[in-house]
Amino acid sequence: MKKTYQGWPDKSKGKFEVPGKRELLVGVPLPMVEVWEELQAQVEQLTGEAGLRIIGTILENEVTRRVGPPHQPDPTSGAVRWRRQPGYVMFGGRKVAVERPRVRTRERQEVELDSYARLQHDGRR
């Protein structure tokens, strides 16, 4: 025996229908100031970590451009990777410690990294 249930098959359809295929904006009441107060430290930490990774990538890209990929140096470049050394860059108006890559010529003369020299100065004007 089949049971018949009462139902309104189209009851909620009209509530979310978008007339004329326009975007539907749904307002969600959030206490934005309180949300920001709770998340501010995490957002600052995340952006700081992202910034330091970008700086590391900038330095590594210059080394790769001058020397070649790691473990595959370009013999025509005349330079080689030469370990890492503690250093600093200006980030967010402060000196931040980084491990900077070093490059030397095959005659063991230090090669200055242009990007490292530029990152040591505060770029904010």
# chains A, B, ... in the order shown; residues from 1 in each chain; ligands from 1

call {"tool": "select_by_dssp", "arguments": {"residues": "chain A", "states": "strand (DSSP E)", "output": "list of chain:residue names"}}
result
A:Ala79, A:Val80, A:Arg81, A:Trp82, A:Arg83, A:Arg84, A:Gln85, A:Pro86, A:Gly87, A:Tyr88, A:Val89, A:Met90, A:Phe91, A:Arg94, A:Lys95, A:Val96, A:Ala97, A:Val98, A:Glu99, A:Arg100, A:Pro101, A:Arg102, A:Val103, A:Arg104, A:Thr105, A:Glu110, A:Val111

call {"tool": "write_last_selection", "arguments": {"atoms": "C-alpha atoms", "output": "compact mmCIF listing (two decimals), in the first residue's frame"}}
result
# COMPACT_ATOMS: atom_id res chain seq x y z
CA ALA A 79 79.88 31.23 -10.83
CA VAL A 80 78.86 28.59 -8.29
CA ARG A 81 76.56 28.38 -5.27
CA TRP A 82 78.52 28.82 -2.07
CA ARG A 83 76.47 27.79 0.96
CA ARG A 84 74.26 30.16 2.94
CA GLN A 85 74.95 32.86 5.46
CA PRO A 86 72.89 34.67 8.11
CA GLY A 87 71.72 38.06 6.92
CA TYR A 88 68.80 40.44 7.12
CA VAL A 89 66.23 42.17 4.94
CA MET A 90 63.90 45.05 5.68
CA PHE A 91 60.33 43.78 5.91
CA ARG A 94 61.90 46.14 10.54
CA LYS A 95 65.08 44.16 10.06
CA VAL A 96 64.20 40.50 9.71
CA ALA A 97 66.79 37.72 9.89
CA VAL A 98 67.09 35.49 6.81
CA GLU A 99 69.49 32.86 5.53
CA ARG A 100 70.86 34.39 2.37
CA PRO A 101 72.38 32.34 -0.42
CA ARG A 102 75.96 33.09 -1.46
CA VAL A 103 77.48 32.97 -4.94
CA ARG A 104 81.15 32.96 -5.83
CA THR A 105 83.09 32.99 -9.07
CA GLU A 110 82.23 36.81 -3.75
CA VAL A 111 79.42 37.83 -6.14

call {"tool": "residues_around", "arguments": {"residues": "Gly51 of chain A", "least_positions_apart": "3", "cutoff": "12 Å", "atoms": "only C-alpha atoms", "output": "number ranges by chain"}}
result
A: 44-48, 54-58, 89-92, 96, 98, 119

call {"tool": "write_last_selection", "arguments": {"atoms": "N, CA and C atoms", "output": "PDB file, in the first residue's frame"}}
result
ATOM      1  N   GLU A  44      48.052  38.570  10.423  1.00  0.00           N
ATOM      2  CA  GLU A  44      49.381  39.179  10.397  1.00  0.00           C
ATOM      3  C   GLU A  44      50.474  38.113  10.323  1.00  0.00           C
ATOM      4  N   GLN A  45      50.324  37.026  11.055  1.00  0.00           N
ATOM      5  CA  GLN A  45      51.310  35.957  11.021  1.00  0.00           C
ATOM      6  C   GLN A  45      51.363  35.312   9.634  1.00  0.00           C
ATOM      7  N   LEU A  46      50.195  35.066   9.060  1.00  0.00           N
ATOM      8  CA  LEU A  46      50.130  34.453   7.732  1.00  0.00           C
ATOM      9  C   LEU A  46      50.761  35.342   6.671  1.00  0.00           C
ATOM     10  N   THR A  47      50.456  36.637   6.697  1.00  0.00           N
ATOM     11  CA  THR A  47      51.037  37.530   5.693  1.00  0.00           C
ATOM     12  C   THR A  47      52.536  37.688   5.904  1.00  0.00           C
ATOM     13  N   GLY A  48      52.989  37.651   7.161  1.00  0.00           N
ATOM     14  CA  GLY A  48      54.426  37.711   7.429  1.00  0.00           C
ATOM     15  C   GLY A  48      55.150  36.506   6.874  1.00  0.00           C
ATOM     16  N   ILE A  54      58.212  34.805  -0.102  1.00  0.00           N
ATOM     17  CA  ILE A  54      58.404  35.538  -1.361  1.00  0.00           C
ATOM     18  C   ILE A  54      59.827  36.072  -1.437  1.00  0.00           C
ATOM     19  N   ILE A  55      60.323  36.622  -0.327  1.00  0.00           N
ATOM     20  CA  ILE A  55      61.692  37.140  -0.296  1.00  0.00           C
ATOM     21  C   ILE A  55      62.687  36.012  -0.567  1.00  0.00           C
ATOM     22  N   GLY A  56      62.489  34.853   0.057  1.00  0.00           N
ATOM     23  CA  GLY A  56      63.368  33.714  -0.192  1.00  0.00           C
ATOM     24  C   GLY A  56      63.349  33.282  -1.648  1.00  0.00           C
ATOM     25  N   THR A  57      62.182  33.321  -2.250  1.00  0.00           N
ATOM     26  CA  THR A  57      62.053  32.949  -3.664  1.00  0.00           C
ATOM     27  C   THR A  57      62.755  33.957  -4.564  1.00  0.00           C
ATOM     28  N   ILE A  58      62.657  35.236  -4.231  1.00  0.00           N
ATOM     29  CA  ILE A  58      63.348  36.275  -5.014  1.00  0.00           C
ATOM     30  C   ILE A  58      64.852  36.028  -4.995  1.00  0.00           C
ATOM     31  N   VAL A  89      66.931  41.351   5.932  1.00  0.00           N
ATOM     32  CA  VAL A  89      66.231  42.166   4.944  1.00  0.00           C
ATOM     33  C   VAL A  89      65.290  43.085   5.707  1.00  0.00           C
ATOM     34  N   MET A  90      64.892  44.157   5.087  1.00  0.00           N
ATOM     35  CA  MET A  90      63.895  45.046   5.677  1.00  0.00           C
ATOM     36  C   MET A  90      62.527  44.552   5.233  1.00  0.00           C
ATOM     37  N   PHE A  91      61.670  44.301   6.213  1.00  0.00           N
ATOM     38  CA  PHE A  91      60.334  43.784   5.908  1.00  0.00           C
ATOM     39  C   PHE A  91      59.375  44.358   6.931  1.00  0.00           C
ATOM     40  N   GLY A  92      58.385  45.061   6.457  1.00  0.00           N
ATOM     41  CA  GLY A  92      57.413  45.671   7.358  1.00  0.00           C
ATOM     42  C   GLY A  92      58.030  46.756   8.223  1.00  0.00           C
ATOM     43  N   VAL A  96      64.625  41.872   9.478  1.00  0.00           N
ATOM     44  CA  VAL A  96      64.200  40.495   9.705  1.00  0.00           C
ATOM     45  C   VAL A  96      65.345  39.576   9.298  1.00  0.00           C
ATOM     46  N   VAL A  98      67.292  36.484   7.868  1.00  0.00           N
ATOM     47  CA  VAL A  98      67.090  35.487   6.810  1.00  0.00           C
ATOM     48  C   VAL A  98      68.402  34.745   6.589  1.00  0.00           C
ATOM     49  N   LEU A 119      66.847  44.461  -1.077  1.00  0.00           N
ATOM     50  CA  LEU A 119      65.932  44.082   0.007  1.00  0.00           C
ATOM     51  C   LEU A 119      66.440  44.530   1.379  1.00  0.00           C
TER      52      LEU A 119
END

call {"tool": "residues_around", "arguments": {"residues": "Gly78 of chain A", "least_positions_apart": "2", "cutoff": "8 Å", "atoms": "only C-alpha atoms", "output": "VMD selection string"}}
result
chain A and resid 67 74 to 76 80 105 to 106

call {"tool": "select_by_dssp", "arguments": {"residues": "chain A", "states": "helix (DSSP H, G or I)", "output": "VMD selection string"}}
result
chain A and resid 13 to 16 19 to 21 32 to 67 114 to 119

call {"tool": "atom_distance", "arguments": {"atom1": "atom CA of Val63 of chain A", "atom2": "atom CA of Asp122 of chain A"}}
result
21.8 Å

call {"tool": "closest_residue", "arguments": {"among": "A:Leu113, A:Gly27, A:His121, A:Lys3", "to": "Arg65 of chain A", "atoms": "only C-alpha atoms"}}
result
A:Leu113

call {"tool": "atom_distance", "arguments": {"atom1": "atom CA of Gly68 of chain A", "atom2": "atom CA of Gln120 of chain A"}}
result
24.0 Å
